[in-house]
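Peer 1: Next up, final-v9.cif (mmCIF, C-alpha atoms).
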data_upload
loop_
_atom_site.label_atom_id
_atom_site.label_comp_id
_atom_site.auth_asym_id
_atom_site.auth_seq_id
_atom_site.Cartn_x
_atom_site.Cartn_y
_atom_site.Cartn_z
CA MET A 1 20.54 -13.48 3.16
CA ALA A 2 18.98 -10.08 3.83
CA ASP A 3 21.36 -7.14 4.27
CA VAL A 4 19.38 -5.07 6.78
CA LYS A 5 21.09 -2.42 8.94
CA PRO A 6 20.27 0.42 11.36
CA PHE A 7 20.32 3.97 9.99
CA ILE A 8 20.60 7.62 11.00
CA CYS A 9 16.99 8.71 11.26
CA CYS A 10 15.43 12.10 10.74
CA ARG A 11 12.19 12.09 12.72
CA PRO A 12 9.68 14.48 14.31
CA HIS A 13 9.99 15.66 17.89
CA ALA A 14 7.74 13.70 20.23
CA ASP A 15 5.27 16.57 20.61
CA GLN A 16 4.92 16.80 16.80
CA ALA A 17 4.69 13.11 15.86
CA ALA A 18 0.92 12.68 16.09
CA MET A 19 0.29 15.72 13.89
CA VAL A 20 3.03 14.91 11.36
CA ALA A 21 2.23 11.20 10.89
CA ALA A 22 0.24 10.65 7.68
CA LEU A 23 -1.16 7.78 5.69
CA PRO A 24 0.86 7.00 2.53
CA TYR A 25 0.45 9.51 -0.28
CA ASP A 26 -1.17 6.98 -2.64
CA VAL A 27 -4.11 6.34 -0.28
CA PHE A 28 -5.50 9.75 -1.29
CA ASN A 29 -6.41 11.33 -4.58
CA ARG A 30 -5.54 15.01 -5.00
CA GLU A 31 -8.90 16.30 -3.76
CA GLU A 32 -8.94 14.01 -0.72
CA ALA A 33 -5.39 15.01 0.15
CA ALA A 34 -6.33 18.70 0.03
CA VAL A 35 -9.18 18.09 2.47
CA GLU A 36 -6.92 16.16 4.83
CA ILE A 37 -4.24 18.87 4.75
CA THR A 38 -6.85 21.54 5.46
CA ARG A 39 -8.00 19.50 8.44
CA ASN A 40 -4.42 19.02 9.67
CA PRO A 41 -1.99 21.62 8.28
CA ARG A 42 0.96 19.88 9.96
CA SER A 43 0.33 16.57 8.18
CA PHE A 44 3.32 15.11 6.34
CA LEU A 45 0.93 14.51 3.46
CA ARG A 46 1.56 18.05 2.28
CA ILE A 47 5.22 17.07 1.76
CA ASP A 48 4.48 13.64 0.30
CA LYS A 49 1.75 14.91 -2.05
CA SER A 50 2.40 18.60 -2.53
CA CYS A 51 0.19 18.88 -5.59
CA ALA A 52 -2.67 19.08 -3.07
CA VAL A 53 -1.43 22.45 -1.76
CA LEU A 54 -0.87 23.95 -5.23
CA PRO A 55 -3.45 25.41 -7.66
CA ASP A 56 -5.43 22.82 -9.62
CA GLU A 57 -4.03 24.05 -12.94
CA ILE A 58 -0.56 22.81 -11.94
CA ASP A 59 -0.21 19.19 -13.04
CA GLU A 60 0.51 16.76 -10.22
CA TYR A 61 3.79 15.75 -11.92
CA ASP A 62 4.96 19.30 -12.62
CA PRO A 63 8.52 20.05 -11.35
CA ARG A 64 7.01 22.76 -9.14
CA VAL A 65 5.29 20.05 -7.10
CA TYR A 66 8.60 18.50 -6.03
CA GLU A 67 10.16 21.90 -5.45
CA ARG A 68 7.27 22.72 -3.14
CA SER A 69 7.75 19.41 -1.30
CA ALA A 70 11.42 20.23 -0.69
CA GLU A 71 10.54 23.75 0.42
CA LEU A 72 7.95 22.54 2.93
CA PHE A 73 10.35 19.91 4.29
CA LYS A 74 13.08 22.53 4.72
CA ASN A 75 10.64 24.91 6.42
CA ASP A 76 9.63 22.22 8.91
CA GLN A 77 13.25 21.45 9.70
CA GLN A 78 14.00 25.12 10.30
CA ALA A 79 10.92 25.38 12.50
CA GLY A 80 12.23 22.55 14.68
CA VAL A 81 9.59 19.99 13.72
CA PHE A 82 12.24 17.36 12.89
CA ILE A 83 15.43 16.22 14.56
CA ASP A 84 18.31 14.15 13.21
CA GLU A 85 19.67 11.28 15.26
CA ASP A 86 23.40 11.36 15.99
CA GLU A 87 23.89 7.62 15.56
CA GLU A 88 22.47 4.71 13.60
CA HIS A 89 19.56 2.89 15.22
CA TYR A 90 16.85 0.37 14.56
CA PHE A 91 13.33 1.32 15.61
CA VAL A 92 10.43 -0.89 16.66
CA TYR A 93 7.03 0.28 15.42
CA ARG A 94 3.73 -1.17 16.66
CA LEU A 95 0.30 -0.49 15.18
CA VAL A 96 -2.83 -1.64 17.01
CA LYS A 97 -6.24 -1.67 15.35
CA ASP A 98 -9.38 -3.25 16.78
CA GLY A 99 -7.29 -4.95 19.45
CA LEU A 100 -4.94 -6.63 16.94
CA ALA A 101 -1.27 -5.61 16.92
CA GLN A 102 1.46 -5.78 14.30
CA THR A 103 4.99 -4.99 15.45
CA GLY A 104 7.75 -4.31 12.94
CA ILE A 105 11.37 -3.24 12.74
CA VAL A 106 12.32 -0.02 10.95
CA SER A 107 15.66 -0.22 9.15
CA CYS A 108 17.43 0.28 5.84
CA ILE A 109 17.96 -2.54 3.35
CA ALA A 110 20.62 -2.73 0.65
CA VAL A 111 19.58 -1.89 -2.90
CA SER A 112 21.33 -5.09 -3.96
CA ASP A 113 18.74 -7.15 -2.03
CA PHE A 114 16.08 -5.85 -4.40
CA GLU A 115 18.22 -6.50 -7.45
CA ASN A 116 19.20 -10.04 -6.47
CA GLY A 117 15.70 -11.11 -5.45
CA VAL A 118 16.10 -11.32 -1.68
CA LEU A 119 13.52 -8.54 -1.39
CA LYS A 120 10.75 -9.88 -3.57
CA GLN A 121 8.04 -7.92 -5.33
CA HIS A 122 4.60 -9.13 -6.35
CA GLU A 123 3.03 -6.15 -8.10
CA ASN A 124 3.41 -4.39 -11.43
CA ILE A 125 4.42 -0.76 -11.37
CA GLN A 126 3.34 2.16 -13.54
CA SER A 127 6.08 4.20 -15.19
CA LYS A 128 4.49 7.57 -14.44
CA LYS A 129 4.12 6.78 -10.74
CA LEU A 130 7.69 5.47 -10.65
CA GLU A 131 9.02 8.71 -12.14
CA ASP A 132 6.94 10.64 -9.61
CA ARG A 133 8.65 8.95 -6.66
CA ILE A 134 12.08 9.24 -8.29
CA CYS A 135 11.58 13.00 -8.59
CA HIS A 136 10.27 13.22 -5.04
CA ILE A 137 13.22 11.36 -3.49
CA ASP A 138 15.78 13.10 -5.67
CA THR A 139 14.47 16.61 -5.00
CA LEU A 140 14.12 16.14 -1.23
CA ARG A 141 17.33 14.08 -1.04
CA ALA A 142 15.45 11.86 1.35
CA GLN A 143 13.30 8.74 1.45
CA THR A 144 10.17 9.76 3.31
CA GLY A 145 7.86 6.78 2.86
CA PRO A 146 9.05 3.48 4.38
CA ILE A 147 8.41 0.38 2.29
CA PHE A 148 5.97 -1.99 4.01
CA VAL A 149 7.69 -5.40 4.07
CA ALA A 150 6.76 -8.85 5.39
CA TYR A 151 8.91 -11.78 6.44
CA LYS A 152 7.96 -15.31 7.33
CA ALA A 153 7.73 -15.24 11.11
CA GLN A 154 10.99 -15.85 12.95
CA GLU A 155 10.82 -16.53 16.67
CA GLU A 156 14.12 -14.78 17.48
CA LEU A 157 13.02 -11.50 15.89
CA ASP A 158 9.66 -11.72 17.66
CA THR A 159 11.52 -12.13 20.95
CA ILE A 160 13.73 -9.12 20.25
CA THR A 161 10.79 -6.84 19.44
CA ARG A 162 8.85 -8.04 22.48
CA GLN A 163 11.79 -7.49 24.82
CA THR A 164 12.42 -4.04 23.35
CA THR A 165 8.83 -2.95 23.89
CA GLU A 166 8.94 -4.24 27.46
CA ALA A 167 12.32 -2.75 28.40
CA GLU A 168 12.39 0.64 26.70
CA ALA A 169 10.23 3.73 27.11
CA PRO A 170 8.55 4.62 23.80
CA LEU A 171 9.60 7.63 21.75
CA TYR A 172 6.04 8.03 20.46
CA ASP A 173 2.71 6.72 21.66
CA PHE A 174 -0.44 8.22 20.15
CA VAL A 175 -3.79 7.30 18.63
CA SER A 176 -4.50 8.63 15.14
CA ASP A 177 -7.89 9.96 14.07
CA ASP A 178 -8.84 6.60 12.59
CA GLY A 179 -8.46 4.92 15.98
CA ILE A 180 -5.13 3.21 15.30
CA ARG A 181 -2.57 3.32 18.09
CA HIS A 182 1.02 4.00 17.01
CA THR A 183 3.93 3.29 19.36
CA VAL A 184 7.62 3.61 18.50
CA TRP A 185 10.69 2.50 20.42
CA ARG A 186 14.36 3.13 19.57
CA VAL A 187 16.82 0.26 19.94
CA ASP A 188 19.71 1.66 21.97
CA ASP A 189 21.59 -1.54 22.83
CA LYS A 190 24.43 -2.31 20.40
CA GLY A 191 24.24 -6.01 21.20
CA VAL A 192 20.54 -6.06 20.31
CA GLU A 193 21.27 -4.18 17.09
CA ASP A 194 23.84 -6.83 16.13
CA SER A 195 21.33 -9.58 16.91
CA ILE A 196 18.71 -7.95 14.67
CA SER A 197 21.20 -7.70 11.80
CA ASP A 198 22.22 -11.34 12.30
CA ARG A 199 18.62 -12.57 12.42
CA PHE A 200 17.74 -10.76 9.20
CA ALA A 201 20.86 -12.21 7.59
CA GLU A 202 19.36 -15.66 8.20
CA LEU A 203 16.32 -14.83 6.08
CA ASP A 204 16.58 -15.66 2.40
CA SER A 205 13.42 -13.74 1.45
CA LEU A 206 11.59 -10.57 2.38
CA TYR A 207 8.40 -9.53 0.60
CA ILE A 208 7.21 -6.07 -0.40
CA VAL A 209 3.68 -5.69 0.89
CA ASP A 210 3.08 -2.06 -0.05
CA GLY A 211 5.29 0.56 -1.66
CA HIS A 212 6.48 -1.02 -4.92
CA HIS A 213 6.85 2.35 -6.64
CA ARG A 214 8.77 3.84 -3.71
CA ALA A 215 11.06 0.80 -3.60
CA SER A 216 11.74 0.85 -7.33
CA ALA A 217 12.43 4.59 -7.21
CA ALA A 218 14.87 4.18 -4.32
CA VAL A 219 16.62 1.36 -6.17
CA ARG A 220 16.88 3.43 -9.36
CA ILE A 221 18.55 6.29 -7.47
CA GLY A 222 20.65 4.02 -5.24
CA THR A 223 22.03 2.03 -8.15
CA LYS A 224 23.13 5.26 -9.82
CA GLU A 225 24.53 7.06 -6.77
CA GLY A 226 25.57 4.49 -4.16
CA GLY A 227 26.60 5.84 -0.76
CA LYS A 228 23.70 6.56 1.56
CA ALA A 229 21.35 6.12 -1.38
CA GLY A 230 22.57 2.52 -1.63
CA ARG A 231 20.13 1.64 1.13
CA PHE A 232 16.46 2.43 1.46
CA LEU A 233 13.91 2.61 4.23
CA ILE A 234 11.71 -0.36 5.17
CA ILE A 235 9.43 -1.49 7.99
CA ALA A 236 9.49 -5.29 8.23
CA PHE A 237 6.63 -7.13 9.95
CA PRO A 238 6.20 -10.86 10.64
CA ALA A 239 3.66 -12.24 8.19
CA ASP A 240 1.55 -13.95 10.84
CA GLN A 241 0.61 -10.52 12.26
CA LEU A 242 -0.61 -9.01 8.98
CA ARG A 243 -4.12 -8.75 7.60
CA ILE A 244 -5.04 -8.47 3.93
CA LEU A 245 -8.32 -6.82 3.01
CA ASP A 246 -10.17 -7.03 -0.28
CA TYR A 247 -9.28 -4.66 -3.13
CA ASN A 248 -12.41 -3.99 -5.17
CA ARG A 249 -13.21 -2.69 -8.64
CA VAL A 250 -15.65 -0.24 -10.19
CA VAL A 251 -16.13 -0.05 -13.97
CA ALA A 252 -17.68 3.20 -15.12
CA ASP A 253 -20.13 1.68 -17.61
CA THR A 254 -21.43 -1.62 -18.95
CA ASN A 255 -19.52 -1.40 -22.26
CA GLY A 256 -22.71 -0.71 -24.20
CA LEU A 257 -24.50 -3.82 -22.93
CA THR A 258 -28.01 -3.85 -21.57
CA LYS A 259 -28.55 -5.30 -18.13
CA ALA A 260 -29.96 -8.51 -19.58
CA GLU A 261 -27.09 -8.86 -22.06
CA LEU A 262 -24.49 -8.31 -19.34
CA LEU A 263 -26.03 -10.89 -17.00
CA GLU A 264 -26.35 -13.39 -19.84
CA GLN A 265 -22.66 -13.09 -20.76
CA ILE A 266 -21.54 -13.29 -17.13
CA ALA A 267 -23.52 -16.52 -16.70
CA VAL A 268 -21.24 -18.28 -19.18
CA SER A 269 -18.44 -18.43 -16.58
CA PHE A 270 -20.25 -17.70 -13.30
CA SER A 271 -23.37 -18.76 -11.49
CA VAL A 272 -25.41 -15.61 -10.87
CA GLU A 273 -27.64 -15.17 -7.82
CA LYS A 274 -29.56 -11.95 -7.18
CA THR A 275 -29.32 -11.11 -3.46
CA GLY A 276 -31.32 -7.86 -3.29
CA ALA A 277 -30.67 -4.22 -2.46
CA ASP A 278 -28.45 -4.76 0.57
CA PRO A 279 -24.67 -5.08 0.12
CA VAL A 280 -23.20 -8.58 0.37
CA LYS A 281 -19.56 -9.61 0.76
CA PRO A 282 -18.00 -12.65 -0.92
CA LEU A 283 -17.86 -15.51 1.57
CA GLN A 284 -15.04 -17.56 0.12
CA LYS A 285 -12.41 -17.82 -2.60
CA GLY A 286 -14.04 -18.02 -6.02
CA GLU A 287 -16.97 -15.78 -5.07
CA PHE A 288 -17.58 -12.17 -6.07
CA SER A 289 -20.27 -9.66 -5.20
CA MET A 290 -21.54 -7.45 -8.01
CA TYR A 291 -23.55 -4.24 -7.78
CA LEU A 292 -25.52 -3.41 -10.91
CA ASP A 293 -28.46 -1.06 -11.38
CA ARG A 294 -29.26 -0.75 -7.65
CA GLU A 295 -29.14 -4.50 -7.04
CA TRP A 296 -26.52 -6.87 -5.62
CA TYR A 297 -25.60 -10.26 -7.07
CA ARG A 298 -23.41 -13.11 -5.89
CA LEU A 299 -21.17 -14.55 -8.62
CA SER A 300 -19.44 -17.92 -8.27
CA ILE A 301 -16.88 -19.22 -10.77
CA HIS A 302 -17.93 -22.43 -12.50
CA LYS A 303 -15.94 -25.48 -11.48
CA GLY A 304 -12.98 -26.32 -13.64
CA LEU A 305 -12.26 -22.75 -14.74
CA ARG A 306 -9.50 -22.01 -12.20
CA PRO A 307 -6.02 -22.69 -13.70
CA HIS A 308 -3.28 -24.31 -11.59
CA ASP A 309 -1.04 -21.26 -11.87
CA PRO A 310 -0.03 -18.92 -9.02
CA VAL A 311 -1.05 -15.80 -10.96
CA GLN A 312 -3.78 -16.92 -13.36
CA GLY A 313 -5.46 -18.82 -10.53
CA LEU A 314 -5.92 -15.72 -8.36
CA ASP A 315 -9.48 -14.45 -7.98
CA VAL A 316 -8.41 -11.02 -9.20
CA SER A 317 -6.97 -12.61 -12.36
CA LEU A 318 -10.07 -14.73 -12.95
CA LEU A 319 -12.36 -11.72 -12.61
CA HIS A 320 -10.27 -9.88 -15.19
CA ASP A 321 -9.78 -12.79 -17.60
CA LEU A 322 -13.39 -14.05 -17.51
CA LEU A 323 -15.36 -10.82 -17.08
CA LEU A 324 -13.64 -7.45 -17.00
CA LYS A 325 -11.67 -7.95 -20.22
CA PRO A 326 -13.89 -10.07 -22.49
CA ILE A 327 -17.25 -8.61 -21.39
CA LEU A 328 -16.61 -5.09 -20.08
CA GLY A 329 -13.65 -4.34 -22.36
CA ILE A 330 -11.04 -3.50 -19.72
CA ASP A 331 -7.93 -4.59 -21.60
CA ASP A 332 -5.33 -3.19 -19.22
CA PRO A 333 -6.43 -2.09 -15.72
CA ARG A 334 -3.15 -0.18 -15.31
CA THR A 335 -4.01 2.25 -18.11
CA SER A 336 -7.79 2.13 -18.56
CA GLU A 337 -9.61 5.25 -17.42
CA ARG A 338 -12.86 3.30 -17.14
CA ILE A 339 -11.84 1.33 -14.05
CA SER A 340 -11.15 2.49 -10.50
CA PHE A 341 -10.08 0.63 -7.38
CA VAL A 342 -11.53 0.78 -3.88
CA GLY A 343 -9.59 -0.54 -0.91
CA GLY A 344 -11.38 -2.87 1.47
CA VAL A 345 -11.02 -0.40 4.31
CA ARG A 346 -13.92 1.44 2.66
CA SER A 347 -17.41 -0.01 2.94
CA LEU A 348 -19.37 -1.68 0.17
CA LYS A 349 -21.56 1.43 0.17
CA GLU A 350 -18.63 3.17 -1.53
CA LEU A 351 -18.96 0.67 -4.39
CA GLU A 352 -22.62 1.58 -4.67
CA HIS A 353 -21.84 5.28 -4.55
CA GLN A 354 -19.24 5.14 -7.31
CA ALA A 355 -21.43 2.99 -9.55
CA GLU A 356 -24.39 5.33 -9.11
CA ALA A 357 -22.23 8.39 -9.70
CA ALA A 358 -21.49 7.05 -13.19
CA ARG A 359 -25.14 7.22 -14.32
CA SER A 360 -25.61 9.52 -17.30
CA ASP A 361 -27.44 9.76 -20.60
CA ASP A 362 -24.58 7.83 -22.18
CA SER A 363 -24.50 5.28 -19.35
CA PRO A 364 -28.09 4.92 -18.05
CA LEU A 365 -27.26 1.87 -15.92
CA GLY A 366 -24.35 3.64 -14.30
CA GLY A 367 -21.26 1.70 -13.37
CA VAL A 368 -20.85 -1.87 -12.22
CA SER A 369 -18.93 -2.72 -9.06
CA PHE A 370 -17.24 -5.90 -7.90
CA ALA A 371 -16.23 -6.90 -4.38
CA LEU A 372 -13.57 -9.61 -4.12
CA TYR A 373 -12.61 -12.11 -1.47
CA PRO A 374 -9.23 -11.08 0.00
CA CYS A 375 -6.06 -12.57 -1.42
CA SER A 376 -4.09 -14.60 1.14
CA LEU A 377 -0.48 -14.10 2.19
CA ASP A 378 0.28 -17.62 1.01
CA GLU A 379 -0.91 -16.63 -2.46
CA LEU A 380 1.22 -13.49 -2.36
CA PHE A 381 4.30 -15.47 -1.28
CA ALA A 382 3.71 -18.11 -3.97
CA VAL A 383 3.58 -15.45 -6.70
CA ALA A 384 6.67 -13.64 -5.41
CA ASP A 385 8.65 -16.85 -4.89
CA ALA A 386 7.88 -17.87 -8.47
CA GLY A 387 9.30 -14.56 -9.69
CA ARG A 388 5.88 -13.57 -11.00
CA LEU A 389 3.75 -10.45 -10.54
CA MET A 390 0.16 -10.05 -9.46
CA PRO A 391 -2.29 -7.88 -11.37
CA PRO A 392 -2.32 -4.27 -10.12
CA LYS A 393 -4.29 -3.47 -6.97
CA SER A 394 -4.54 -7.06 -5.79
CA THR A 395 -3.90 -6.54 -2.08
CA TRP A 396 -4.84 -3.96 0.52
CA PHE A 397 -3.10 -4.24 3.89
CA GLU A 398 -4.52 -2.60 6.98
CA PRO A 399 -3.41 -0.88 9.15
CA LYS A 400 -0.79 0.96 7.12
CA PRO A 401 2.43 2.40 8.61
CA ARG A 402 2.49 6.20 8.66
CA SER A 403 4.79 8.40 6.63
CA GLY A 404 6.79 11.18 8.25
CA LEU A 405 7.80 9.30 11.40
CA PHE A 406 11.03 7.93 9.88
CA ILE A 407 13.04 9.68 7.17
CA HIS A 408 16.29 8.48 5.59
CA ARG A 409 18.44 11.24 4.11
CA ILE A 410 20.52 10.27 1.09
#
Could you rewrite the structure in this file as structure tokens?
Peer 2:
Amino acid sequence: MADVKPFICCRPHADQAAMVAALPYDVFNREEAAVEITRNPRSFLRIDKSCAVLPDEIDEYDPRVYERSAELFKNDQQAGVFIDEDEEHYFVYRLVKDGLAQTGIVSCIAVSDFENGVLKQHENIQSKKLEDRICHIDTLRAQTGPIFVAYKAQEELDTITRQTTEAEAPLYDFVSDDGIRHTVWRVDDKGVEDSISDRFAELDSLYIVDGHHRASAAVRIGTKEGGKAGRFLIIAFPADQLRILDYNRVVADTNGLTKAELLEQIAVSFSVEKTGADPVKPLQKGEFSMYLDREWYRLSIHKGLRPHDPVQGLDVSLLHDLLLKPILGIDDPRTSERISFVGGVRSLKELEHQAEAARSDDSPLGGVSFALYPCSLDELFAVADAGRLMPPKSTWFEPKPRSGLFIHRI
């Protein structure tokens, strides 16, 4: 049973929310974050990723980065950007993109739910990124990035969120620059709060969708300290409202292979069809699109090569096991500097751009890019329920909840 409770929220004033709300810190690299902060100096991104407001010679994991984050957060509080609620509350948060809505409940979950497997994970974490979030939470004494969580749809919770959105006036209602509408309601009825807690207690599993490093960091601190740190911030959405996009790969070179050699080796495990200069998306599970030397190809896994295993049978695993590792030499995508990842929210032209940007005297063909068919939620649940982990960067969920709207002080 899930131990989910309301919490005392630190949040921006209504007239500040649209400016403060920011995409999660890990959506941006340092340079992109700097551009975004220049465009919107009030963005919470400058607190979540403060390396972007410091000189380039300061390493992004330098202690001064976290000190700057805490300083900026304190300055905003003193300037009246944020307010602290007097009482514990749940919040209902709706995101609408392209006419499709996902409505979740903002709360705090017990650290023990992560440790005992009620809150399930599906993704590997990197130690350096984990330490980064530990330092960020510990220095700010606050959890600033809610963990994006899914639950198998429950009619009673759907009814509660619908009734809340119909009965209460929203705290926030704005459209972000990317066209996504964000609306937030506070649950003020104690009886409704009790019902939410009871309904979550009936769930034996919740699933981390995005935010594995933030969750692990919160658990590390909460296990050590207890108290307020013994709970951490989540936004839980019903799974039937969520959309998974593809998460694509770019390898910076062809591992010393000529174009002919690379295509010949790929053909051992895949059928290879040249489709021309225009980008093509995979049409079904087992298909991949490849960009190589200004041309696109459709790759299809040969029959009989997909294992009956929840992890090894994933398309992302098959691409790695049959192509990226044995042919292109990417042993570990978590540590290799030759591979990068492009979320499906970006167009296939970005895959072309990154592959072409890798052309050099040492790599005359440039890079090689792969577009994948999106993983399904059923696949994610199967991996998590089996206590297994997906390869890194297997899923990209869109739209993403914003940081800065809900903060849990510890």
Peer 1: Apply the PyMOL selection byres ((chain A and resi 402) around 9) to the displayed file and report the matching residues as number ranges by chain.
Peer 2: A: 21-24, 145-146, 182, 400-401, 403-406
Peer 1: Taking 2 positions as the minimum chain separation for residues in the same chain, which residues sit within 12 Å of Asp26 in chain A when counting all atoms listed in the file? Answer as a count of residues only.
Peer 2: 27
Peer 1: Using CA of Ala355 in chain A and CA of Ile330 in chain A as the two end points, give the distance in Å to one decimal.
Peer 2: 15.9 Å
Peer 1: What's around range 363-370 of chain A at 8 Å? Count all atoms listed in the file, leave out sequence neighbours fewer than 3 positions away in its own chain, and write the answer as an MDAnalysis selection string.
Peer 2: chainID A and resid 248:254 256 259 288:293 351:352 354:360
Peer 1: Of the candidates A:Ala260, A:Ile339, A:Ala277, A:Ile208, which one gets nearest to Val383 in chain A if we count only C-alpha atoms?
Peer 2: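 Nearest candidate to Val383 in chain A out of A:Ala260, A:Ile339, A:Ala277, A:Ile208: A:Ile208.
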Peer 1: Given the choices A:His302, A:Lys285, A:Arg181, A:Lys349, which gets closest to Asp315 in chain A if the distance is worked out from all atoms listed in the file?
Peer 2: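 Using all atoms listed in the file, the shortest distance to Asp315 in chain A belongs to A:Lys285.
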Peer 1: Just want the 12 Å neighbourhood of Ala2 in chain A, counted on all atoms listed in the file, with same-chain residues fewer than 4 positions away dropped. Output as a compact mmCIF listing (two decimals) with C-alpha atoms, in the frame of the given file.
Peer 2:
# COMPACT_ATOMS: atom_id res chain seq x y z
CA SER A 107 15.66 -0.22 9.15
CA CYS A 108 17.43 0.28 5.84
CA ILE A 109 17.96 -2.54 3.35
CA ALA A 110 20.62 -2.73 0.65
CA VAL A 111 19.58 -1.89 -2.90
CA SER A 112 21.33 -5.09 -3.96
CA ASP A 113 18.74 -7.15 -2.03
CA PHE A 114 16.08 -5.85 -4.40
CA GLU A 115 18.22 -6.50 -7.45
CA ASN A 116 19.20 -10.04 -6.47
CA GLY A 117 15.70 -11.11 -5.45
CA VAL A 118 16.10 -11.32 -1.68
CA LEU A 119 13.52 -8.54 -1.39
CA LYS A 120 10.75 -9.88 -3.57
CA TYR A 151 8.91 -11.78 6.44
CA ILE A 196 18.71 -7.95 14.67
CA SER A 197 21.20 -7.70 11.80
CA ASP A 198 22.22 -11.34 12.30
CA ARG A 199 18.62 -12.57 12.42
CA PHE A 200 17.74 -10.76 9.20
CA ALA A 201 20.86 -12.21 7.59
CA GLU A 202 19.36 -15.66 8.20
CA LEU A 203 16.32 -14.83 6.08
CA ASP A 204 16.58 -15.66 2.40
CA SER A 205 13.42 -13.74 1.45
CA LEU A 206 11.59 -10.57 2.38
CA TYR A 207 8.40 -9.53 0.60
CA ALA A 236 9.49 -5.29 8.23
Peer 1: Between A:Gly191, A:Val209, A:Ala371, A:Gly387, which residue has the minimum interatomic distance to Ile234 in chain A, considering all atoms listed in the file?
Peer 2: A:Val209
Peer 1: Here is a test: counting all atoms listed in the file, which residue of A:Ala101, A:Val92, A:Val65, A:Val316 is nearest to Val192 in chain A?
Peer 2: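 Nearest candidate to Val192 in chain A out of A:Ala101, A:Val92, A:Val65, A:Val316: A:Val92.
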Peer 1: One number please: CA of Leu299 in chain A to CA of Asp332 in chain A, in Å, one decimal.
Peer 2: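 These two atoms are separated by 22.2 Å.
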Peer 1: What is the CA of Ser347 in chain A-CA of Gln284 in chain A distance in Å, reported with one decimal?
Peer 2: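 Those two atoms sit 17.9 Å apart.
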Peer 1: Given the point (11.2, 13.1, -6.5) in the file's coordinates, find the residues that have an atom at most 12 Å from it, counting only C-alpha atoms, and give them as a ChimeraX atom specification.
Peer 2: /A:47-50,60-70,128-145,213-214,217-218,220-221
Peer 1: Using the selection just defined, write its residues with C-alpha atoms as an mmCIF file, keeping the file's coordinate frame.
Peer 2:
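After the write, selection09.cif holds the following:
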data_model
loop_
_atom_site.group_PDB
_atom_site.id
_atom_site.type_symbol
_atom_site.label_atom_id
_atom_site.label_comp_id
_atom_site.auth_asym_id
_atom_site.auth_seq_id
_atom_site.Cartn_x
_atom_site.Cartn_y
_atom_site.Cartn_z
ATOM 1 C CA ILE A 47 5.220 17.070 1.760
ATOM 2 C CA ASP A 48 4.480 13.640 0.300
ATOM 3 C CA LYS A 49 1.750 14.910 -2.050
ATOM 4 C CA SER A 50 2.400 18.600 -2.530
ATOM 5 C CA GLU A 60 0.510 16.760 -10.220
ATOM 6 C CA TYR A 61 3.790 15.750 -11.920
ATOM 7 C CA ASP A 62 4.960 19.300 -12.620
ATOM 8 C CA PRO A 63 8.520 20.050 -11.350
ATOM 9 C CA ARG A 64 7.010 22.760 -9.140
ATOM 10 C CA VAL A 65 5.290 20.050 -7.100
ATOM 11 C CA TYR A 66 8.600 18.500 -6.030
ATOM 12 C CA GLU A 67 10.160 21.900 -5.450
ATOM 13 C CA ARG A 68 7.270 22.720 -3.140
ATOM 14 C CA SER A 69 7.750 19.410 -1.300
ATOM 15 C CA ALA A 70 11.420 20.230 -0.690
ATOM 16 C CA LYS A 128 4.490 7.570 -14.440
ATOM 17 C CA LYS A 129 4.120 6.780 -10.740
ATOM 18 C CA LEU A 130 7.690 5.470 -10.650
ATOM 19 C CA GLU A 131 9.020 8.710 -12.140
ATOM 20 C CA ASP A 132 6.940 10.640 -9.610
ATOM 21 C CA ARG A 133 8.650 8.950 -6.660
ATOM 22 C CA ILE A 134 12.080 9.240 -8.290
ATOM 23 C CA CYS A 135 11.580 13.000 -8.590
ATOM 24 C CA HIS A 136 10.270 13.220 -5.040
ATOM 25 C CA ILE A 137 13.220 11.360 -3.490
ATOM 26 C CA ASP A 138 15.780 13.100 -5.670
ATOM 27 C CA THR A 139 14.470 16.610 -5.000
ATOM 28 C CA LEU A 140 14.120 16.140 -1.230
ATOM 29 C CA ARG A 141 17.330 14.080 -1.040
ATOM 30 C CA ALA A 142 15.450 11.860 1.350
ATOM 31 C CA GLN A 143 13.300 8.740 1.450
ATOM 32 C CA THR A 144 10.170 9.760 3.310
ATOM 33 C CA GLY A 145 7.860 6.780 2.860
ATOM 34 C CA HIS A 213 6.850 2.350 -6.640
ATOM 35 C CA ARG A 214 8.770 3.840 -3.710
ATOM 36 C CA ALA A 217 12.430 4.590 -7.210
ATOM 37 C CA ALA A 218 14.870 4.180 -4.320
ATOM 38 C CA ARG A 220 16.880 3.430 -9.360
ATOM 39 C CA ILE A 221 18.550 6.290 -7.470
#
Peer 1: Nearest to Ala52 in chain A: which of A:Thr395, A:Thr258, A:Ser195, A:Thr38 is it, counting only C-alpha atoms?
Peer 2: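 Answer, going by the shortest atom-to-atom distance: A:Thr38.
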Peer 1: For the file shown, report as a CSV table (one decimal) with C-alpha atoms, in the coordinates of the input the outcome of the PyMOL selection byres ((chain A and resi 386) around 12) at residue level.
Peer 2:
chain,number,residue,atom,x,y,z
A,117,GLY,CA,15.7,-11.1,-5.4
A,120,LYS,CA,10.8,-9.9,-3.6
A,121,GLN,CA,8.0,-7.9,-5.3
A,122,HIS,CA,4.6,-9.1,-6.4
A,309,ASP,CA,-1.0,-21.3,-11.9
A,310,PRO,CA,0.0,-18.9,-9.0
A,311,VAL,CA,-1.0,-15.8,-11.0
A,379,GLU,CA,-0.9,-16.6,-2.5
A,380,LEU,CA,1.2,-13.5,-2.4
A,381,PHE,CA,4.3,-15.5,-1.3
A,382,ALA,CA,3.7,-18.1,-4.0
A,383,VAL,CA,3.6,-15.4,-6.7
A,384,ALA,CA,6.7,-13.6,-5.4
A,385,ASP,CA,8.6,-16.8,-4.9
A,387,GLY,CA,9.3,-14.6,-9.7
A,388,ARG,CA,5.9,-13.6,-11.0
A,389,LEU,CA,3.8,-10.4,-10.5
A,390,MET,CA,0.2,-10.0,-9.5
